[in-house]
$ cat query.txt   # compact mmCIF, C-alpha atoms and all ligand atoms
# COMPACT_ATOMS: atom_id res chain seq x y z
CA MET A 124 93.54 71.34 118.74
CA THR A 125 96.70 73.04 119.93
CA VAL A 126 96.64 74.40 123.44
CA ASN A 127 99.43 76.17 125.22
CA GLU A 128 99.63 79.37 127.17
CA HIS A 129 100.77 81.36 124.13
CA THR A 130 97.87 80.43 121.88
CA THR A 131 96.27 83.28 119.91
CA LEU A 132 92.64 82.87 118.91
CA VAL A 133 91.58 84.49 115.64
CA LEU A 134 87.81 84.81 115.44
CA GLY A 135 86.58 84.68 111.87
CA GLY A 136 89.88 82.98 111.06
CA THR A 137 88.44 81.17 108.05
CA GLY A 138 87.17 84.39 106.42
CA ARG A 139 88.79 86.86 104.04
CA ILE A 140 90.25 88.98 106.82
CA GLY A 141 90.87 86.22 109.33
CA ARG A 142 92.73 84.00 106.86
CA ARG A 143 95.24 86.79 106.31
CA VAL A 144 95.63 87.52 110.02
CA THR A 145 96.09 83.81 110.70
CA ARG A 146 98.66 83.41 107.92
CA ARG A 147 100.72 86.39 109.13
CA LEU A 148 100.72 85.10 112.70
CA VAL A 149 101.70 81.57 111.64
CA GLU A 150 104.53 83.03 109.55
CA ARG A 151 105.77 84.73 112.73
CA GLY A 152 105.72 81.43 114.60
CA VAL A 153 102.66 82.22 116.69
CA ASP A 154 100.53 79.30 117.81
CA VAL A 155 97.15 80.17 116.27
CA ARG A 156 93.72 78.72 116.86
CA VAL A 157 91.07 79.51 114.29
CA GLY A 158 87.80 80.59 115.87
CA SER A 159 84.74 79.99 113.75
CA ARG A 160 81.81 77.61 113.61
CA ALA A 161 84.11 75.27 111.65
CA GLY A 162 86.94 75.68 114.17
CA GLU A 163 88.18 73.08 116.56
CA PRO A 164 86.71 73.60 119.06
CA PRO A 165 83.97 75.59 117.33
CA PHE A 166 83.13 79.19 118.18
CA ASP A 167 79.69 80.53 117.35
CA TRP A 168 78.67 84.09 118.23
CA GLU A 169 75.08 82.85 118.42
CA ASP A 170 75.81 79.95 120.78
CA SER A 171 77.37 81.06 124.06
CA SER A 172 77.98 77.45 125.09
CA THR A 173 80.85 77.37 122.54
CA TRP A 174 82.69 80.43 123.88
CA ALA A 175 84.53 79.03 126.91
CA GLY A 176 85.94 76.06 124.99
CA ALA A 177 87.26 78.27 122.22
CA PHE A 178 89.08 80.54 124.70
CA ALA A 179 90.51 77.77 126.90
CA GLY A 180 94.29 78.16 127.09
CA VAL A 181 94.26 81.31 124.94
CA ARG A 182 96.58 84.23 125.80
CA SER A 183 95.65 86.71 123.02
CA ALA A 184 92.66 87.06 120.74
CA TYR A 185 91.63 88.89 117.59
CA LEU A 186 87.94 89.70 117.98
CA MET A 187 85.97 89.97 114.78
CA TYR A 188 82.21 90.11 115.17
CA TYR A 189 80.01 88.67 112.49
CA PRO A 190 78.06 89.91 110.60
CA GLU A 191 78.93 93.57 111.49
CA VAL A 192 79.88 95.61 114.54
CA ASP A 193 76.85 97.82 113.90
CA TRP A 194 74.54 94.80 113.99
CA PRO A 195 71.89 94.96 116.77
CA GLY A 196 73.27 93.27 119.87
CA ALA A 197 76.88 93.37 118.66
CA ALA A 198 78.19 95.40 121.59
CA ASP A 199 76.51 93.12 124.12
CA ALA A 200 77.88 90.01 122.43
CA ILE A 201 81.38 91.47 122.12
CA GLY A 202 81.28 92.60 125.75
CA ALA A 203 80.19 89.15 126.92
CA VAL A 204 82.85 87.34 124.88
CA ALA A 205 85.60 89.79 125.80
CA GLY A 206 84.67 89.59 129.49
CA LEU A 207 84.71 85.80 129.36
CA ALA A 208 88.09 85.95 127.64
CA VAL A 209 89.61 88.16 130.34
CA ASP A 210 88.20 85.93 133.09
CA ALA A 211 89.75 82.95 131.27
CA GLY A 212 93.20 84.55 131.39
CA VAL A 213 93.46 86.32 128.04
CA ARG A 214 95.90 89.21 128.38
CA ARG A 215 95.59 90.96 125.04
CA LEU A 216 92.57 91.66 122.84
CA VAL A 217 92.50 93.19 119.38
CA LEU A 218 89.09 94.33 118.18
CA LEU A 219 88.32 94.77 114.51
CA SER A 220 85.98 97.75 114.59
CA ALA A 221 84.72 99.79 111.67
CA ARG A 222 84.51 103.22 110.14
CA ASN A 223 82.99 106.14 111.98
CA GLN A 224 79.82 104.49 113.11
CA ASP A 225 78.19 105.30 116.45
CA GLU A 226 77.34 101.68 117.00
CA ALA A 227 80.96 100.66 116.56
CA THR A 228 82.06 102.85 119.46
CA ARG A 229 79.80 100.91 121.82
CA CYS A 230 81.59 97.73 120.72
CA GLU A 231 84.94 99.41 121.31
CA ASP A 232 83.88 100.58 124.78
CA ALA A 233 82.92 97.00 125.63
CA VAL A 234 86.56 95.99 125.10
CA THR A 235 88.51 99.04 126.19
CA SER A 236 86.74 99.16 129.56
CA LEU A 237 88.07 95.71 130.48
CA PRO A 238 91.23 95.09 132.53
CA VAL A 239 93.29 93.93 129.57
CA GLU A 240 95.80 95.17 126.98
CA TRP A 241 93.74 96.17 123.98
CA THR A 242 94.05 97.48 120.45
CA VAL A 243 91.19 98.75 118.32
CA VAL A 244 91.57 98.87 114.55
CA ALA A 245 88.95 100.74 112.53
CA PRO A 246 89.71 100.48 108.83
CA ALA A 247 87.51 101.88 106.10
CA SER A 248 88.01 99.06 103.67
CA PHE A 249 90.51 96.26 103.24
CA ASN A 250 92.39 95.81 99.97
CA GLN A 251 90.90 92.37 99.47
CA ASN A 252 87.48 93.98 98.97
CA PHE A 253 88.86 95.06 95.63
CA ASP A 254 90.47 91.82 94.47
CA GLU A 255 88.19 89.16 95.89
CA GLY A 256 85.37 90.95 97.67
CA VAL A 257 82.28 93.01 97.01
CA PHE A 258 84.02 95.68 94.91
CA LEU A 259 85.62 93.33 92.41
CA GLU A 260 82.68 92.93 90.07
CA PRO A 261 81.80 96.68 89.89
CA LEU A 262 85.47 97.38 89.13
CA ARG A 263 85.43 94.79 86.34
CA GLN A 264 82.41 96.64 84.95
CA GLY A 265 84.41 99.87 84.99
CA CYS A 266 82.65 101.38 88.00
CA TRP A 267 84.42 102.80 91.07
CA PRO A 268 82.21 101.50 93.87
CA CYS A 269 83.26 103.83 96.72
CA PRO A 270 82.82 107.48 97.63
CA PRO A 271 85.99 109.52 97.03
CA VAL A 272 88.18 109.08 100.09
CA THR A 273 89.79 112.23 101.41
CA THR A 274 90.48 111.90 105.09
CA PRO A 275 91.28 114.72 107.50
CA ASN A 276 94.65 113.01 108.11
CA ARG A 277 95.63 113.01 104.47
CA SER A 278 94.43 116.34 103.18
CA SER A 279 93.44 119.73 104.48
CA THR A 280 91.07 120.26 101.59
CA PRO A 281 87.35 119.92 102.20
CA THR A 282 86.15 116.40 101.68
CA THR A 283 83.18 115.24 99.71
CA SER A 284 83.24 111.77 101.20
CA PRO A 285 80.74 110.99 103.96
CA THR A 286 82.30 110.90 107.43
CA TRP A 287 81.25 107.29 107.95
CA TRP A 288 83.67 106.33 105.22
CA TRP A 289 86.74 107.64 106.98
CA PRO A 290 89.06 105.13 108.58
CA ARG A 291 90.43 105.87 112.02
CA SER A 292 93.96 105.29 113.26
CA PRO A 293 94.45 102.19 115.40
CA ARG A 294 94.48 102.96 119.10
CA THR A 295 95.90 100.86 121.84
CA GLY A 296 95.91 100.88 125.63
CA THR A 297 95.69 99.01 128.87
CA SER A 298 92.84 99.33 131.32
CA ALA A 299 93.73 98.66 134.93
CA ARG A 300 91.81 95.94 136.72
CA GLY A 301 88.85 97.37 138.55
CA THR A 302 88.47 100.54 136.48
CA SER A 303 85.73 101.18 134.02
N1 LIG B 1 86.05 94.13 104.44
C1 LIG B 1 86.33 95.24 105.09
O1 LIG B 1 86.88 96.19 104.54
C2 LIG B 1 85.97 95.32 106.54
C3 LIG B 1 86.39 96.42 107.27
C4 LIG B 1 86.09 96.47 108.64
C5 LIG B 1 85.35 95.44 109.19
N2 LIG B 1 84.94 94.38 108.44
C6 LIG B 1 84.17 93.29 109.09
O2 LIG B 1 84.97 92.12 109.22
C7 LIG B 1 84.10 91.01 109.38
C8 LIG B 1 84.60 89.82 108.59
O3 LIG B 1 84.79 90.18 107.23
P1 LIG B 1 85.30 89.10 106.17
O4 LIG B 1 85.36 89.79 104.86
O5 LIG B 1 86.52 88.39 106.67
O6 LIG B 1 84.06 88.07 106.19
P2 LIG B 1 83.94 86.63 105.57
O7 LIG B 1 85.02 86.35 104.57
O8 LIG B 1 82.52 86.46 105.17
O9 LIG B 1 84.24 85.66 106.82
C9 LIG B 1 83.35 85.59 107.88
C10 LIG B 1 84.02 84.82 109.01
O10 LIG B 1 83.15 84.83 110.14
C11 LIG B 1 82.86 83.48 110.52
N3 LIG B 1 81.48 83.44 111.00
C12 LIG B 1 80.33 83.60 110.29
N4 LIG B 1 79.27 83.48 111.10
C13 LIG B 1 79.76 83.22 112.34
C14 LIG B 1 79.16 82.97 113.62
N5 LIG B 1 77.83 82.94 113.81
N6 LIG B 1 79.97 82.75 114.68
C15 LIG B 1 81.32 82.74 114.53
N7 LIG B 1 81.95 82.97 113.36
C16 LIG B 1 81.17 83.19 112.27
C17 LIG B 1 83.10 82.64 109.28
O11 LIG B 1 83.48 81.32 109.61
P3 LIG B 1 82.42 80.09 109.75
O12 LIG B 1 81.47 80.19 108.59
O13 LIG B 1 83.27 78.87 109.77
O14 LIG B 1 81.73 80.29 111.08
C18 LIG B 1 84.30 83.37 108.67
O15 LIG B 1 85.50 82.95 109.30
C19 LIG B 1 82.70 91.51 108.99
O16 LIG B 1 82.00 91.74 110.19
C20 LIG B 1 83.00 92.82 108.29
O17 LIG B 1 81.94 93.72 108.39
C21 LIG B 1 85.24 94.31 107.13
$ encode --input "query.txt" --output "structure tokens"
Amino acid sequence: MTVNEHTTLVLGGTGRIGRRVTRRLVERGVDVRVGSRAGEPPFDWEDSSTWAGAFAGVRSAYLMYYPEVDWPGAADAIGAVAGLAVDAGVRRLVLLSARNQDEATRCEDAVTSLPVEWTVVAPASFNQNFDEGVFLEPLRQGCWPCPPVTTPNRSSTPTTSPTWWWPRSPRTGTSARGTS
């Protein structure tokens, strides 16, 4: 385990998204700790006794909830972990959120209300879904597996895609200590 005050914790760091985030950070010389049940120390969303150890000595963290941010209890879990992180001295949190889902905004509020620098990213779908993820097999069968994506940002023409499919631009901010 590597611990110094510049350590960045990447939750889900062994997964499809987290592996890429981890690799990019390592390439930039960042000291990265992988946060997952297989991490060292382990981090398990379902076992709060693992949380403090995973965040010890961490300065920044990429928060990725599993299985989904719209999962029941996700906002409470994210709020508890993010609060523990801030109390442990983490100064910057990045939350992987999701498309336009009401439940996702509760998860975002749980982070953006904390006294910490934060960034929320809310993609529609990562490229790797198409080359190693759930969309690969349908594509191989000649089927386009997604609704047509026409976002308000990219076109003024009426869209036929459901609003939940639209990605949102990343947003970033800092909440002052003591505000909600
Ligand atoms: N793909 C997209 O386009 C997209 C877009 C927005 C959001 N997301 C969300 O991003 C998340 C991760 O996606 P992915 O494709 O990277 O998933 P993935 O490849 O299945 O990886 C899941 C990661 O979560 C960890 N994990 C699983 N259960 C855990 C638990 N109980 N506690 C702690 N860590 C746990 C796994 O590591 P261990 O097994 O070692 O614990 C692994 O690192 C999902 O919630 C997904 O909905 C995906």
$ closest_residue --input "query.txt" --among "A:Arg214, A:Arg139, A:Arg146, A:His129" --to "ligand LIG 1 (chain B)" --atoms "all atoms listed in the file"
A:Arg139
$ closest_residue --input "query.txt" --among "A:Thr228, A:Thr131, A:Thr242, A:Ser183" --to "A:Asp154" --atoms "only C-alpha atoms"
A:Thr131
$ atom_distance --input "query.txt" --atom1 "atom CA of A:Arg215" --atom2 "atom CA of A:Gly136"
17.1 Å
$ residues_near_ligand --input "query.txt" --ligand "ligand LIG 1 (chain B)" --cutoff "6 Å" --atoms "only C-alpha atoms and all ligand atoms" --output "PyMOL selection string"
chain A and resi 135-141+159-161+166-169+187-191+220-221+246-249+252
$ residues_near_point --input "query.txt" --point "(99.1, 83.7, 124.0)" --cutoff "12 Å" --atoms "all atoms listed in the file" --output "VMD selection string"
chain A and resid 125 to 133 148 152 to 156 178 to 185 208 211 to 216
$ write_last_selection --input "query.txt" --atoms "C-alpha atoms" --output "PDB file, keeping the file's coordinate frame"
ATOM      1  CA  THR A 125      96.700  73.040 119.930  1.00  0.00           C
ATOM      2  CA  VAL A 126      96.640  74.400 123.440  1.00  0.00           C
ATOM      3  CA  ASN A 127      99.430  76.170 125.220  1.00  0.00           C
ATOM      4  CA  GLU A 128      99.630  79.370 127.170  1.00  0.00           C
ATOM      5  CA  HIS A 129     100.770  81.360 124.130  1.00  0.00           C
ATOM      6  CA  THR A 130      97.870  80.430 121.880  1.00  0.00           C
ATOM      7  CA  THR A 131      96.270  83.280 119.910  1.00  0.00           C
ATOM      8  CA  LEU A 132      92.640  82.870 118.910  1.00  0.00           C
ATOM      9  CA  VAL A 133      91.580  84.490 115.640  1.00  0.00           C
ATOM     10  CA  LEU A 148     100.720  85.100 112.700  1.00  0.00           C
ATOM     11  CA  GLY A 152     105.720  81.430 114.600  1.00  0.00           C
ATOM     12  CA  VAL A 153     102.660  82.220 116.690  1.00  0.00           C
ATOM     13  CA  ASP A 154     100.530  79.300 117.810  1.00  0.00           C
ATOM     14  CA  VAL A 155      97.150  80.170 116.270  1.00  0.00           C
ATOM     15  CA  ARG A 156      93.720  78.720 116.860  1.00  0.00           C
ATOM     16  CA  PHE A 178      89.080  80.540 124.700  1.00  0.00           C
ATOM     17  CA  ALA A 179      90.510  77.770 126.900  1.00  0.00           C
ATOM     18  CA  GLY A 180      94.290  78.160 127.090  1.00  0.00           C
ATOM     19  CA  VAL A 181      94.260  81.310 124.940  1.00  0.00           C
ATOM     20  CA  ARG A 182      96.580  84.230 125.800  1.00  0.00           C
ATOM     21  CA  SER A 183      95.650  86.710 123.020  1.00  0.00           C
ATOM     22  CA  ALA A 184      92.660  87.060 120.740  1.00  0.00           C
ATOM     23  CA  TYR A 185      91.630  88.890 117.590  1.00  0.00           C
ATOM     24  CA  ALA A 208      88.090  85.950 127.640  1.00  0.00           C
ATOM     25  CA  ALA A 211      89.750  82.950 131.270  1.00  0.00           C
ATOM     26  CA  GLY A 212      93.200  84.550 131.390  1.00  0.00           C
ATOM     27  CA  VAL A 213      93.460  86.320 128.040  1.00  0.00           C
ATOM     28  CA  ARG A 214      95.900  89.210 128.380  1.00  0.00           C
ATOM     29  CA  ARG A 215      95.590  90.960 125.040  1.00  0.00           C
ATOM     30  CA  LEU A 216      92.570  91.660 122.840  1.00  0.00           C
TER      31      LEU A 216
END
$ atom_distance --input "query.txt" --atom1 "atom CA of A:Gly158" --atom2 "atom CA of A:Ala203"
15.9 Å
$ closest_residue --input "query.txt" --among "A:Ala200, A:Val244, A:Val239, A:Leu259" --to "A:Leu218" --atoms "all atoms listed in the file"
A:Val244
$ axis_aligned_box --input "query.txt" --around "stretch 201-218 of chain A" --padding-each-side "8 Å" --output "AutoDock Vina command-line options"
--center_x 88.0 --center_y 88.6 --center_z 125.6 --size_x 31.7 --size_y 27.4 --size_z 30.9
$ atom_distance --input "query.txt" --atom1 "atom CA of A:Arg222" --atom2 "atom CA of A:Val192"
9.9 Å
$ closest_residue --input "query.txt" --among "A:Arg263, A:Val157, A:Val209, A:Ser171" --to "A:Arg142" --atoms "all atoms listed in the file"
A:Val157
$ closest_residue --input "query.txt" --among "A:Val149, A:Val257, A:Ile201, A:Ala177" --to "A:Val234" --atoms "all atoms listed in the file"
A:Ile201
$ closest_residue --input "query.txt" --among "A:Asp193, A:Glu163, A:Asp199, A:Glu255" --to "A:Glu226" --atoms "only C-alpha atoms"
A:Asp193
$ residues_around --input "query.txt" --residues "A:Val243" --least-positions-apart "2" --cutoff "6 Å" --atoms "only C-alpha atoms" --output "VMD selection string"
chain A and resid 217 to 218 293 to 294
$ write_last_selection --input "query.txt" --atoms "C-alpha atoms" --output "PDB file, in the coordinates of the input"
ATOM      1  CA  VAL A 217      92.500  93.190 119.380  1.00  0.00           C
ATOM      2  CA  LEU A 218      89.090  94.330 118.180  1.00  0.00           C
ATOM      3  CA  PRO A 293      94.450 102.190 115.400  1.00  0.00           C
ATOM      4  CA  ARG A 294      94.480 102.960 119.100  1.00  0.00           C
TER       5      ARG A 294
END
$ residues_near_point --input "query.txt" --point "(87.9, 93.6, 125.7)" --cutoff "7 Å" --atoms "only C-alpha atoms" --output "list in words"
Gly202, Ala205, Gly206, Leu216, Ala233, Val234, Thr235, Ser236, Leu237, Val239 and Trp241 of chain A
